[in-house]
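Peer 1: What follows is a single structure, and I will ask about it in a moment.
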Amino acid sequence: MPEQAAGRTRRAVVFGAGAVGRGFIAPLFSAAGWHVTFVDVMDALVSRLDGEGGYQQVTVDNRGRRAATISPVAALHLRNSAAVAAALCEADMAATCVGAAHLPGLAPVLAEGLRARQRAGRGALDMLLCENLHDAPGVLRRALDAAHGGDTTSLVGLSATSIGRMIPRASGEDADLTGVAVEPYAQLPYDAAALRGNAPDVPGLVPIRENFEAYADRKLYVHNMGHCMLAYLAHRKSLRYVWEAVADLELRYLVRAAMLESAAAVSRVHGMEPGPLQHHVNDLLHRFTNRELGDTAQRVGQDPVRKMQPDDRLIGAYLLCKRAQVPFLHVSLGVALGAHQLETEAGWPASEVEAHLERHLFQDSERDDGARRLLADQLQLVREGAPLVEQIARIDAEYLEPWVV
Ligand SMILES: NC(=O)C1=CN([C@@H]2O[C@H](COP(=O)(O)OP(=O)(O)OC[C@H]3O[C@@H](n4cnc5c(N)ncnc54)[C@H](O)[C@@H]3O)[C@@H](O)[C@H]2O)C=CC1
Ligand SMILES: O=P(O)(O)OC[C@H]1O[C@](O)(CO)[C@@H](O)[C@@H]1O
């Protein structure tokens with residue numbers, strides 16, 4: 001039964017009825033008794049969700065499967081902007097999970113919704129931005145201010161989140177248009193300091209009241225960096241699934257080492273305890289073994305151009321380690337793998353990839369000379385398809401060099 005608060009059901013509007021929208025955000029609100037309205041651009045998905053008023057979610061791990069119906073839900077197409085604005089006017093909270101590239105495009109309809117709220121005398125709206133994008137609030141705020149024609153700070157709170165739950169595209173018996181398979185992990189830390197109103201009483205939403213940046217960095221530079229490096233290593237061995245990749249000892253060794261380097265950087269830069277961070281790394285490696293989830297290296301590694309930007313997982317982790325002055329020999333291998341992946345993209349010849357690395361990673365210092373040499377050797381070994389044991393030997397040969405720490 002929908003939650004009755006102050007005599008009425010609480011309502012959430014969720015932009016993006018994809019993996020995260022259906023597999024994570026809507027189920028959290030729904031379990032707390034909220035009504036969810038999705039907004040999406042896929043006609044077939046919108047009409048199925050709206051027509052059926054609910055959908056199936058199955059939670060899977062290596063011990064089994066548990067099915068649940070998520071309802072009641074409604075769905076609107078983004079082009080139906082008057083109805084979307086009306087839904088925003090009635091909403092107690094909103095969320096986005098549309099993909100980083102689509103986030104600024106939401107600004108016009110959001111601005112229309114904010115105007116409707118002002119006219120109706122409704123208070124400010126809070127939004128959870130569920131995107132793997134550093135500074136998603138800044139990106140949306142700039143687009144929103146432009147669409148609104150002025151500062152929107154008092155009208156809408158834009159809260160960054162750290163989405164740890166892994167949700168692949170459904171396949172096999174789960175490959176229904178609206179059905180979704182998820183892992184059991186279901187905590188969503190979010191930046192509570194960015195809200196305009198009170199923190200919602202929704203179990204699983206974890207308010208972080210200070211230094212949210214630490215959680216954002218942990219997610220992007222430990223979880224996403226390790227996951228992505230694992231995906232690119234999987235490509236080297238023609239392994240399709242994430243669980244297959246993490247079952248390979250060489251791959252697991254290299255990825256764990258890189259994640260621990262990044263975790264050391266997060267600990268030093270943000271003052272997080274190293275013990276729980278190491279536990280987090282081990283827990284993630286265990287979660288990657290979820291065979292039932294059927295997550296693929298292709299999904300986890302897709303879009304290397306975005307993933308090789310300076311504020312994204314690979315180069316970002318490298319820069320964080322440099323800033324923290326902790327070793328980054330294995331993260332460097334992750335960057336070399338990402339660089340090679342980038343070379344397969346149109347418009348990214350080897351010379352451009354090398355210039356990209358030089359531009360973002362190095363300055364003119366002695367420490368950088370050593371780091372630059374190591375990365376060049378690692379990239380060369382990747383290009384040659386050398387056995388990974390040669391990468392391990394190359395890293396080990398560097399440990400005692402003075403530039404390393
Ligand atoms: N799938 C996962 O395990 C995780 C995904 N993320 C992040 O969450 C975000 C969403 O990812 P997924 O749900 O996996 O993607 P998805 O591709 O499964 O879903 C995105 C949905 O947004 C819809 N959409 C696209 N443009 C739209 C627009 N302008 N307005 C409304 N809907 C629009 C699409 O039709 C699609 O249904 C991304 O930023 C991703 O990086 C983060 C952590 C985990
Ligand atoms: O969604 P993106 O940014 O392409 O990256 C995939 C990442 O998203 C996740 O699915 C969820 O955090 C991670 O498992 C993975 O590292």
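Residues in the structure tokens are named by chain (A, B, ... in the order shown) and by number from 1 within that chain; ligands are numbered from 1 in the order shown.
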When DSSP works through the backbone of this structure, what residues of segment 218-260 of chain A end up as alpha helix (DSSP H), shown as a PyMOL selection string?
Peer 2: chain A and resi 225-236+242-246+249-260
Peer 1: Taking N, CA, C and O atoms for each residue, export the selection above as a tab-separated table (two decimals), in the first residue's frame.
Peer 2:
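Saved to part-v3.tsv:
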```tsv
chain	number	residue	atom	x	y	z
A	225	MET	N	36.95	2.21	-11.24
A	225	MET	CA	38.28	2.01	-11.83
A	225	MET	C	38.60	0.51	-11.88
A	225	MET	O	39.00	-0.03	-12.92
A	226	GLY	N	38.40	-0.18	-10.75
A	226	GLY	CA	38.73	-1.61	-10.71
A	226	GLY	C	37.86	-2.42	-11.66
A	226	GLY	O	38.34	-3.31	-12.37
A	227	HIS	N	36.58	-2.07	-11.70
A	227	HIS	CA	35.63	-2.77	-12.55
A	227	HIS	C	36.02	-2.62	-14.02
A	227	HIS	O	36.02	-3.57	-14.81
A	228	CYS	N	36.35	-1.38	-14.38
A	228	CYS	CA	36.69	-1.06	-15.77
A	228	CYS	C	38.02	-1.74	-16.17
A	228	CYS	O	38.13	-2.31	-17.26
A	229	MET	N	38.99	-1.70	-15.25
A	229	MET	CA	40.27	-2.35	-15.54
A	229	MET	C	40.05	-3.86	-15.73
A	229	MET	O	40.61	-4.48	-16.64
A	230	LEU	N	39.17	-4.42	-14.90
A	230	LEU	CA	38.86	-5.85	-15.03
A	230	LEU	C	38.24	-6.13	-16.40
A	230	LEU	O	38.57	-7.13	-17.05
A	231	ALA	N	37.37	-5.23	-16.84
A	231	ALA	CA	36.72	-5.42	-18.15
A	231	ALA	C	37.76	-5.40	-19.27
A	231	ALA	O	37.74	-6.24	-20.18
A	232	TYR	N	38.69	-4.44	-19.21
A	232	TYR	CA	39.68	-4.34	-20.29
A	232	TYR	C	40.66	-5.52	-20.24
A	232	TYR	O	41.12	-6.00	-21.28
A	233	LEU	N	40.94	-6.01	-19.02
A	233	LEU	CA	41.77	-7.22	-18.92
A	233	LEU	C	41.01	-8.42	-19.48
A	233	LEU	O	41.59	-9.30	-20.13
A	234	ALA	N	39.69	-8.46	-19.22
A	234	ALA	CA	38.87	-9.57	-19.74
A	234	ALA	C	38.94	-9.61	-21.26
A	234	ALA	O	39.04	-10.68	-21.87
A	235	HIS	N	38.91	-8.41	-21.89
A	235	HIS	CA	39.01	-8.38	-23.36
A	235	HIS	C	40.31	-9.04	-23.82
A	235	HIS	O	40.35	-9.71	-24.84
A	236	ARG	N	41.39	-8.87	-23.06
A	236	ARG	CA	42.70	-9.44	-23.47
A	236	ARG	C	42.64	-10.95	-23.50
A	236	ARG	O	43.38	-11.60	-24.22
A	242	VAL	N	31.99	-10.69	-16.38
A	242	VAL	CA	32.77	-10.16	-15.26
A	242	VAL	C	33.14	-11.28	-14.29
A	242	VAL	O	34.26	-11.34	-13.79
A	243	TRP	N	32.20	-12.20	-14.03
A	243	TRP	CA	32.50	-13.28	-13.08
A	243	TRP	C	33.61	-14.19	-13.61
A	243	TRP	O	34.39	-14.73	-12.82
A	244	GLU	N	33.68	-14.34	-14.93
A	244	GLU	CA	34.76	-15.16	-15.49
A	244	GLU	C	36.10	-14.45	-15.31
A	244	GLU	O	37.12	-15.06	-15.01
A	245	ALA	N	36.08	-13.13	-15.51
A	245	ALA	CA	37.31	-12.36	-15.42
A	245	ALA	C	37.87	-12.38	-14.00
A	245	ALA	O	39.08	-12.57	-13.79
A	246	VAL	N	36.98	-12.23	-13.02
A	246	VAL	CA	37.47	-12.16	-11.65
A	246	VAL	C	37.86	-13.55	-11.11
A	246	VAL	O	38.55	-13.66	-10.10
A	249	LEU	N	43.08	-15.79	-11.90
A	249	LEU	CA	43.96	-15.32	-10.82
A	249	LEU	C	44.82	-14.12	-11.20
A	249	LEU	O	45.01	-13.21	-10.40
A	250	GLU	N	45.36	-14.13	-12.43
A	250	GLU	CA	46.20	-12.99	-12.85
A	250	GLU	C	45.38	-11.70	-12.85
A	250	GLU	O	45.83	-10.66	-12.39
A	251	LEU	N	44.18	-11.81	-13.38
A	251	LEU	CA	43.33	-10.61	-13.49
A	251	LEU	C	42.94	-10.11	-12.10
A	251	LEU	O	43.00	-8.92	-11.80
A	252	ARG	N	42.57	-11.07	-11.24
A	252	ARG	CA	42.14	-10.68	-9.90
A	252	ARG	C	43.31	-10.04	-9.14
A	252	ARG	O	43.14	-9.05	-8.43
A	253	TYR	N	44.49	-10.60	-9.31
A	253	TYR	CA	45.69	-10.07	-8.64
A	253	TYR	C	45.93	-8.62	-9.06
A	253	TYR	O	46.14	-7.73	-8.23
A	254	LEU	N	45.91	-8.37	-10.36
A	254	LEU	CA	46.23	-7.02	-10.88
A	254	LEU	C	45.16	-6.01	-10.48
A	254	LEU	O	45.47	-4.88	-10.10
A	255	VAL	N	43.90	-6.43	-10.56
A	255	VAL	CA	42.81	-5.48	-10.24
A	255	VAL	C	42.79	-5.19	-8.75
A	255	VAL	O	42.63	-4.04	-8.33
A	256	ARG	N	42.98	-6.22	-7.93
A	256	ARG	CA	43.01	-5.98	-6.48
A	256	ARG	C	44.13	-4.99	-6.13
A	256	ARG	O	43.94	-4.05	-5.35
A	257	ALA	N	45.30	-5.21	-6.75
A	257	ALA	CA	46.44	-4.32	-6.45
A	257	ALA	C	46.12	-2.88	-6.85
A	257	ALA	O	46.43	-1.94	-6.11
A	258	ALA	N	45.49	-2.70	-8.00
A	258	ALA	CA	45.15	-1.34	-8.45
A	258	ALA	C	44.10	-0.73	-7.52
A	258	ALA	O	44.19	0.45	-7.15
A	259	MET	N	43.10	-1.51	-7.14
A	259	MET	CA	42.04	-0.98	-6.25
A	259	MET	C	42.62	-0.60	-4.89
A	259	MET	O	42.22	0.40	-4.29
A	260	LEU	N	43.58	-1.38	-4.42
A	260	LEU	CA	44.20	-1.05	-3.11
A	260	LEU	C	45.02	0.24	-3.22
A	260	LEU	O	45.05	1.03	-2.28
```
Peer 1: If you count only C-alpha atoms and all ligand atoms, which residues end up within 6 Å of ligand 1, as a count of residues only?
Peer 2: 28
Peer 1: For Ser332 of chain A, which residue among A:Ala87, A:Ala264, A:Val404, A:Ala216 is the nearest when counting only C-alpha atoms?
Peer 2: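 Smallest distance to Ser332 of chain A is found for A:Val404.
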Peer 1: Which neighbours of segment 197-202 of chain A fall inside 7 Å, counting only C-alpha atoms, when residues of the same chain fewer than 5 positions from it are skipped, and could you give them as a list of chain:residue names?
Peer 2: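 Counting only the stated atoms, we get A:Leu28, A:Phe29, A:Ala32, A:Asp126, A:Ala192.
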Peer 1: Report, in Å with one decimal, the straight-line distance from atom CA of Leu319 of chain A to atom CA of Leu239 of chain A.
Peer 2: 29.0 Å
Peer 1: Show which residues sit within 12 Å of segment 209-211 of chain A, as number ranges by chain. Count only C-alpha atoms, and ignore same-chain residues fewer than 6 positions away.
Peer 2: A: 159-160, 189-195, 198-199, 217-218, 269-272
Peer 1: Write the selection just made, keeping N, CA and C atoms, as a short mmCIF file (atom, residue, chain, number, x, y, z; two decimals), in the first residue's frame?
Peer 2:
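Heads up, here's the output in part.cif:
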```
data_model
loop_
_atom_site.label_atom_id
_atom_site.label_comp_id
_atom_site.auth_asym_id
_atom_site.auth_seq_id
_atom_site.Cartn_x
_atom_site.Cartn_y
_atom_site.Cartn_z
N SER A 159 21.35 16.74 -5.66
CA SER A 159 22.19 15.94 -4.77
C SER A 159 22.92 14.85 -5.54
N ALA A 160 24.24 14.83 -5.40
CA ALA A 160 25.03 13.75 -6.02
C ALA A 160 24.80 12.46 -5.24
N PRO A 189 24.24 5.93 -0.95
CA PRO A 189 24.69 7.15 -0.26
C PRO A 189 24.44 8.37 -1.15
N TYR A 190 23.98 9.46 -0.53
CA TYR A 190 23.76 10.68 -1.32
C TYR A 190 24.17 11.89 -0.49
N ASP A 191 24.39 12.99 -1.20
CA ASP A 191 24.89 14.21 -0.57
C ASP A 191 23.73 14.95 0.09
N ALA A 192 23.54 14.68 1.38
CA ALA A 192 22.38 15.26 2.08
C ALA A 192 22.54 16.77 2.27
N ALA A 193 23.77 17.26 2.23
CA ALA A 193 23.98 18.70 2.42
C ALA A 193 23.42 19.49 1.24
N ALA A 194 23.19 18.83 0.10
CA ALA A 194 22.69 19.54 -1.09
C ALA A 194 21.17 19.65 -1.11
N LEU A 195 20.48 18.98 -0.19
CA LEU A 195 19.00 19.01 -0.22
C LEU A 195 18.49 20.37 0.25
N ASN A 198 13.94 18.27 3.92
CA ASN A 198 14.41 17.23 4.85
C ASN A 198 14.83 15.97 4.09
N ALA A 199 15.71 15.19 4.74
CA ALA A 199 16.10 13.90 4.15
C ALA A 199 14.87 13.00 4.11
N ASP A 217 34.56 9.82 -4.68
CA ASP A 217 35.88 9.37 -5.13
C ASP A 217 36.06 7.87 -4.91
N ARG A 218 35.54 7.38 -3.78
CA ARG A 218 35.66 5.94 -3.52
C ARG A 218 34.92 5.16 -4.61
N VAL A 269 43.73 11.23 1.00
CA VAL A 269 43.18 12.54 0.60
C VAL A 269 41.96 12.92 1.45
N HIS A 270 41.12 11.91 1.78
CA HIS A 270 39.85 12.24 2.45
C HIS A 270 39.83 11.86 3.93
N GLY A 271 40.93 11.29 4.42
CA GLY A 271 40.96 10.92 5.83
C GLY A 271 40.02 9.77 6.16
N MET A 272 39.74 8.90 5.17
CA MET A 272 38.90 7.72 5.46
C MET A 272 39.79 6.65 6.08
#
```
Peer 1: With distances taken over only C-alpha atoms and all ligand atoms, which of A:Thr37, A:Ser365, A:Gln391, A:Gln187 is nearest to ligand 2?
Peer 2: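 Smallest separation from ligand 2 among the options: A:Gln187.
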Peer 1: Quick one: pick out all strand (DSSP E or B) residues within segment 72-203 of chain A from a backbone DSSP run and write them as number ranges by chain.
Peer 2: A: 73-77, 93-96, 125-129, 156-161, 180-182, 188-191
Peer 1: Please save C-alpha atoms of the selected residues as a CSV table (one decimal), in the first residue's frame.
Peer 2:
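Done, and the output landed in result06.csv:
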```csv
chain,number,residue,atom,x,y,z
A,73,VAL,CA,4.2,3.0,-11.0
A,74,ALA,CA,3.2,5.2,-13.9
A,75,ALA,CA,5.2,6.4,-16.9
A,76,LEU,CA,5.3,9.4,-19.1
A,77,HIS,CA,7.2,10.2,-22.3
A,93,MET,CA,11.3,14.1,-4.7
A,94,ALA,CA,12.8,13.5,-8.1
A,95,ALA,CA,15.7,11.5,-9.5
A,96,THR,CA,17.7,11.2,-12.7
A,125,LEU,CA,12.2,20.2,-5.2
A,126,ASP,CA,15.0,17.9,-4.2
A,127,MET,CA,16.6,15.7,-6.9
A,128,LEU,CA,18.9,12.7,-6.6
A,129,LEU,CA,21.3,12.6,-9.5
A,156,VAL,CA,15.8,22.8,-6.6
A,157,GLY,CA,18.4,20.9,-4.5
A,158,LEU,CA,20.6,18.8,-6.7
A,159,SER,CA,22.2,15.9,-4.8
A,160,ALA,CA,25.0,13.7,-6.0
A,161,THR,CA,24.8,10.0,-5.3
A,180,VAL,CA,15.2,-6.3,-14.4
A,181,ALA,CA,17.8,-8.4,-12.6
A,182,VAL,CA,19.8,-6.9,-9.8
A,188,LEU,CA,22.5,4.6,-2.0
A,189,PRO,CA,24.7,7.1,-0.3
A,190,TYR,CA,23.8,10.7,-1.3
A,191,ASP,CA,24.9,14.2,-0.6
```
Peer 1: Pick the closest to ligand 2 from A:Val405, A:Ala101, A:Val84, A:Ala143: which is it, counting only C-alpha atoms and all ligand atoms?
Peer 2: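 When distances to ligand 2 are compared using only C-alpha atoms and all ligand atoms, the smallest one comes from A:Ala101.
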Peer 1: Could you name the residues that touch Pro304 of chain A at 7 Å or less, counting only C-alpha atoms, but leaving out those on the same chain fewer than 5 positions away, as an MDAnalysis selection string?
Peer 2: chainID A and resid 338 341:342
Peer 1: Could you check how far atom CA of Tyr221 of chain A sits from atom CA of Asp303 of chain A, in Å to one decimal?
Peer 2: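 Separation between atom CA of Tyr221 of chain A and atom CA of Asp303 of chain A: 16.7 Å.
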Peer 1: Quick one: residues within 12 Å of Asp61 of chain A, only C-alpha atoms counted, chain neighbours fewer than 5 positions away excluded, as a ChimeraX atom specification?
Peer 2: /A:66,166,181-185,243,286-295
Peer 1: So, counting only C-alpha atoms, which residue among A:Asn62, A:Val305, A:Ala120, A:Ser162 is closest to Ile208 of chain A?
Peer 2: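 Residue with the minimum atom-to-atom distance to Ile208 of chain A: A:Ser162.
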Peer 1: What is the distance between atom CA of Phe38 of chain A and atom 15 (C, counted along the ligand's line) of ligand 2, in Å to one decimal?
Peer 2: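 If I compute the distance from atom CA of Phe38 of chain A to atom 15 (C, counted along the ligand's line) of ligand 2, I get 22.7 Å.
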Peer 1: Nearest to Leu314 of chain A: which of A:Asn224, A:Ala214, A:Glu273, A:Asp283 is it, counting only C-alpha atoms?
Peer 2: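 Among the listed residues, the smallest separation from Leu314 of chain A belongs to A:Asn224.
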Peer 1: So which one's closest to Gly204 of chain A, A:Ala26, A:Ala346, A:Val326, A:Leu375? Using only C-alpha atoms, please.
Peer 2: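 With only C-alpha atoms as the atom set, the closest residue is A:Ala26.
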Peer 1: List the spatial neighbours of Tyr318 of chain A as a ChimeraX atom specification - criterion: any atom at most 9 Å away, only C-alpha atoms, same-chain residues fewer than 4 positions off excluded.
Peer 2: /A:221,262,313-314,322-323,328,331-332,334-335,361
Peer 1: If you keep all heavy atoms, can you produce a file of those selected residues as a CSV table (one decimal), in the first residue's frame?
Peer 2:
```csv
chain,number,residue,atom,x,y,z
A,221,TYR,N,36.9,5.9,-8.2
A,221,TYR,CA,38.3,5.6,-8.4
A,221,TYR,C,38.7,4.2,-7.8
A,221,TYR,O,39.7,3.7,-8.0
A,221,TYR,CB,39.1,6.7,-7.8
A,221,TYR,CG,38.9,8.1,-8.4
A,221,TYR,CD1,38.8,9.2,-7.7
A,221,TYR,CD2,38.7,8.2,-9.8
A,221,TYR,CE1,38.6,10.5,-8.3
A,221,TYR,CE2,38.4,9.4,-10.4
A,221,TYR,CZ,38.4,10.5,-9.6
A,221,TYR,OH,38.1,11.7,-10.2
A,262,SER,N,44.4,2.7,-5.2
A,262,SER,CA,43.4,3.8,-5.3
A,262,SER,C,42.7,4.0,-3.9
A,262,SER,O,42.5,5.2,-3.5
A,262,SER,CB,42.3,3.4,-6.3
A,262,SER,OG,41.9,4.5,-7.0
A,313,ARG,N,37.2,7.5,-14.2
A,313,ARG,CA,37.8,6.5,-13.3
A,313,ARG,C,39.2,6.1,-13.5
A,313,ARG,O,39.9,5.9,-12.4
A,313,ARG,CB,36.9,5.2,-13.5
A,313,ARG,CG,36.8,4.6,-14.8
A,313,ARG,CD,35.5,4.0,-15.1
A,313,ARG,NE,34.5,5.0,-15.3
A,313,ARG,CZ,33.2,4.7,-15.3
A,313,ARG,NH1,32.7,3.5,-15.3
A,313,ARG,NH2,32.3,5.7,-15.5
A,314,LEU,N,39.8,6.1,-14.7
A,314,LEU,CA,41.2,5.6,-14.8
A,314,LEU,C,42.2,6.7,-14.7
A,314,LEU,O,43.0,6.7,-13.7
A,314,LEU,CB,41.3,4.9,-16.2
A,314,LEU,CG,40.5,3.6,-16.3
A,314,LEU,CD1,40.3,3.2,-17.7
A,314,LEU,CD2,41.2,2.5,-15.5
A,322,LYS,N,48.6,10.3,-7.5
A,322,LYS,CA,49.7,11.2,-7.6
A,322,LYS,C,49.6,12.3,-6.5
A,322,LYS,O,50.5,12.6,-5.8
A,322,LYS,CB,49.8,11.9,-8.9
A,322,LYS,CG,50.5,11.1,-10.0
A,322,LYS,CD,50.5,11.9,-11.3
A,322,LYS,CE,51.6,12.9,-11.4
A,322,LYS,NZ,51.8,13.5,-12.7
A,323,ARG,N,48.3,12.8,-6.4
A,323,ARG,CA,48.1,13.9,-5.4
A,323,ARG,C,48.3,13.4,-4.0
A,323,ARG,O,48.9,14.1,-3.2
A,323,ARG,CB,46.6,14.3,-5.6
A,323,ARG,CG,46.2,15.5,-4.7
A,323,ARG,CD,44.8,15.9,-5.1
A,323,ARG,NE,44.0,16.3,-4.0
A,323,ARG,CZ,42.7,16.3,-3.9
A,323,ARG,NH1,42.0,15.8,-4.8
A,323,ARG,NH2,42.1,16.7,-2.8
A,328,PHE,N,51.3,4.1,-7.7
A,328,PHE,CA,50.2,3.9,-8.6
A,328,PHE,C,50.6,3.0,-9.8
A,328,PHE,O,50.2,3.2,-10.9
A,328,PHE,CB,49.6,5.2,-9.1
A,328,PHE,CG,50.6,6.2,-9.5
A,328,PHE,CD1,51.1,6.3,-10.8
A,328,PHE,CD2,51.1,7.2,-8.6
A,328,PHE,CE1,52.0,7.2,-11.2
A,328,PHE,CE2,52.1,8.1,-9.0
A,328,PHE,CZ,52.5,8.1,-10.3
A,331,VAL,N,47.5,1.0,-11.0
A,331,VAL,CA,46.6,1.9,-11.6
A,331,VAL,C,47.1,2.4,-13.0
A,331,VAL,O,46.4,2.5,-14.0
A,331,VAL,CB,46.3,3.1,-10.7
A,331,VAL,CG1,45.5,4.2,-11.4
A,331,VAL,CG2,45.6,2.7,-9.4
A,332,SER,N,48.4,2.5,-13.0
A,332,SER,CA,49.1,2.9,-14.3
A,332,SER,C,48.8,1.9,-15.4
A,332,SER,O,48.6,2.2,-16.5
A,332,SER,CB,50.6,3.1,-14.1
A,332,SER,OG,51.2,3.4,-15.3
A,334,GLY,N,46.2,0.1,-15.5
A,334,GLY,CA,44.7,0.3,-15.8
A,334,GLY,C,44.6,1.4,-16.9
A,334,GLY,O,43.9,1.3,-17.9
A,335,VAL,N,45.4,2.5,-16.7
A,335,VAL,CA,45.4,3.6,-17.7
A,335,VAL,C,46.0,3.1,-19.0
A,335,VAL,O,45.4,3.4,-20.1
A,335,VAL,CB,46.2,4.8,-17.1
A,335,VAL,CG1,46.4,5.8,-18.2
A,335,VAL,CG2,45.5,5.4,-15.9
A,361,LEU,N,48.3,13.7,-17.6
A,361,LEU,CA,49.0,13.0,-16.5
A,361,LEU,C,50.2,13.6,-16.0
A,361,LEU,O,50.6,13.4,-14.9
A,361,LEU,CB,49.3,11.5,-16.9
A,361,LEU,CG,48.1,10.6,-17.2
A,361,LEU,CD1,48.5,9.3,-17.6
A,361,LEU,CD2,47.2,10.5,-16.0
```
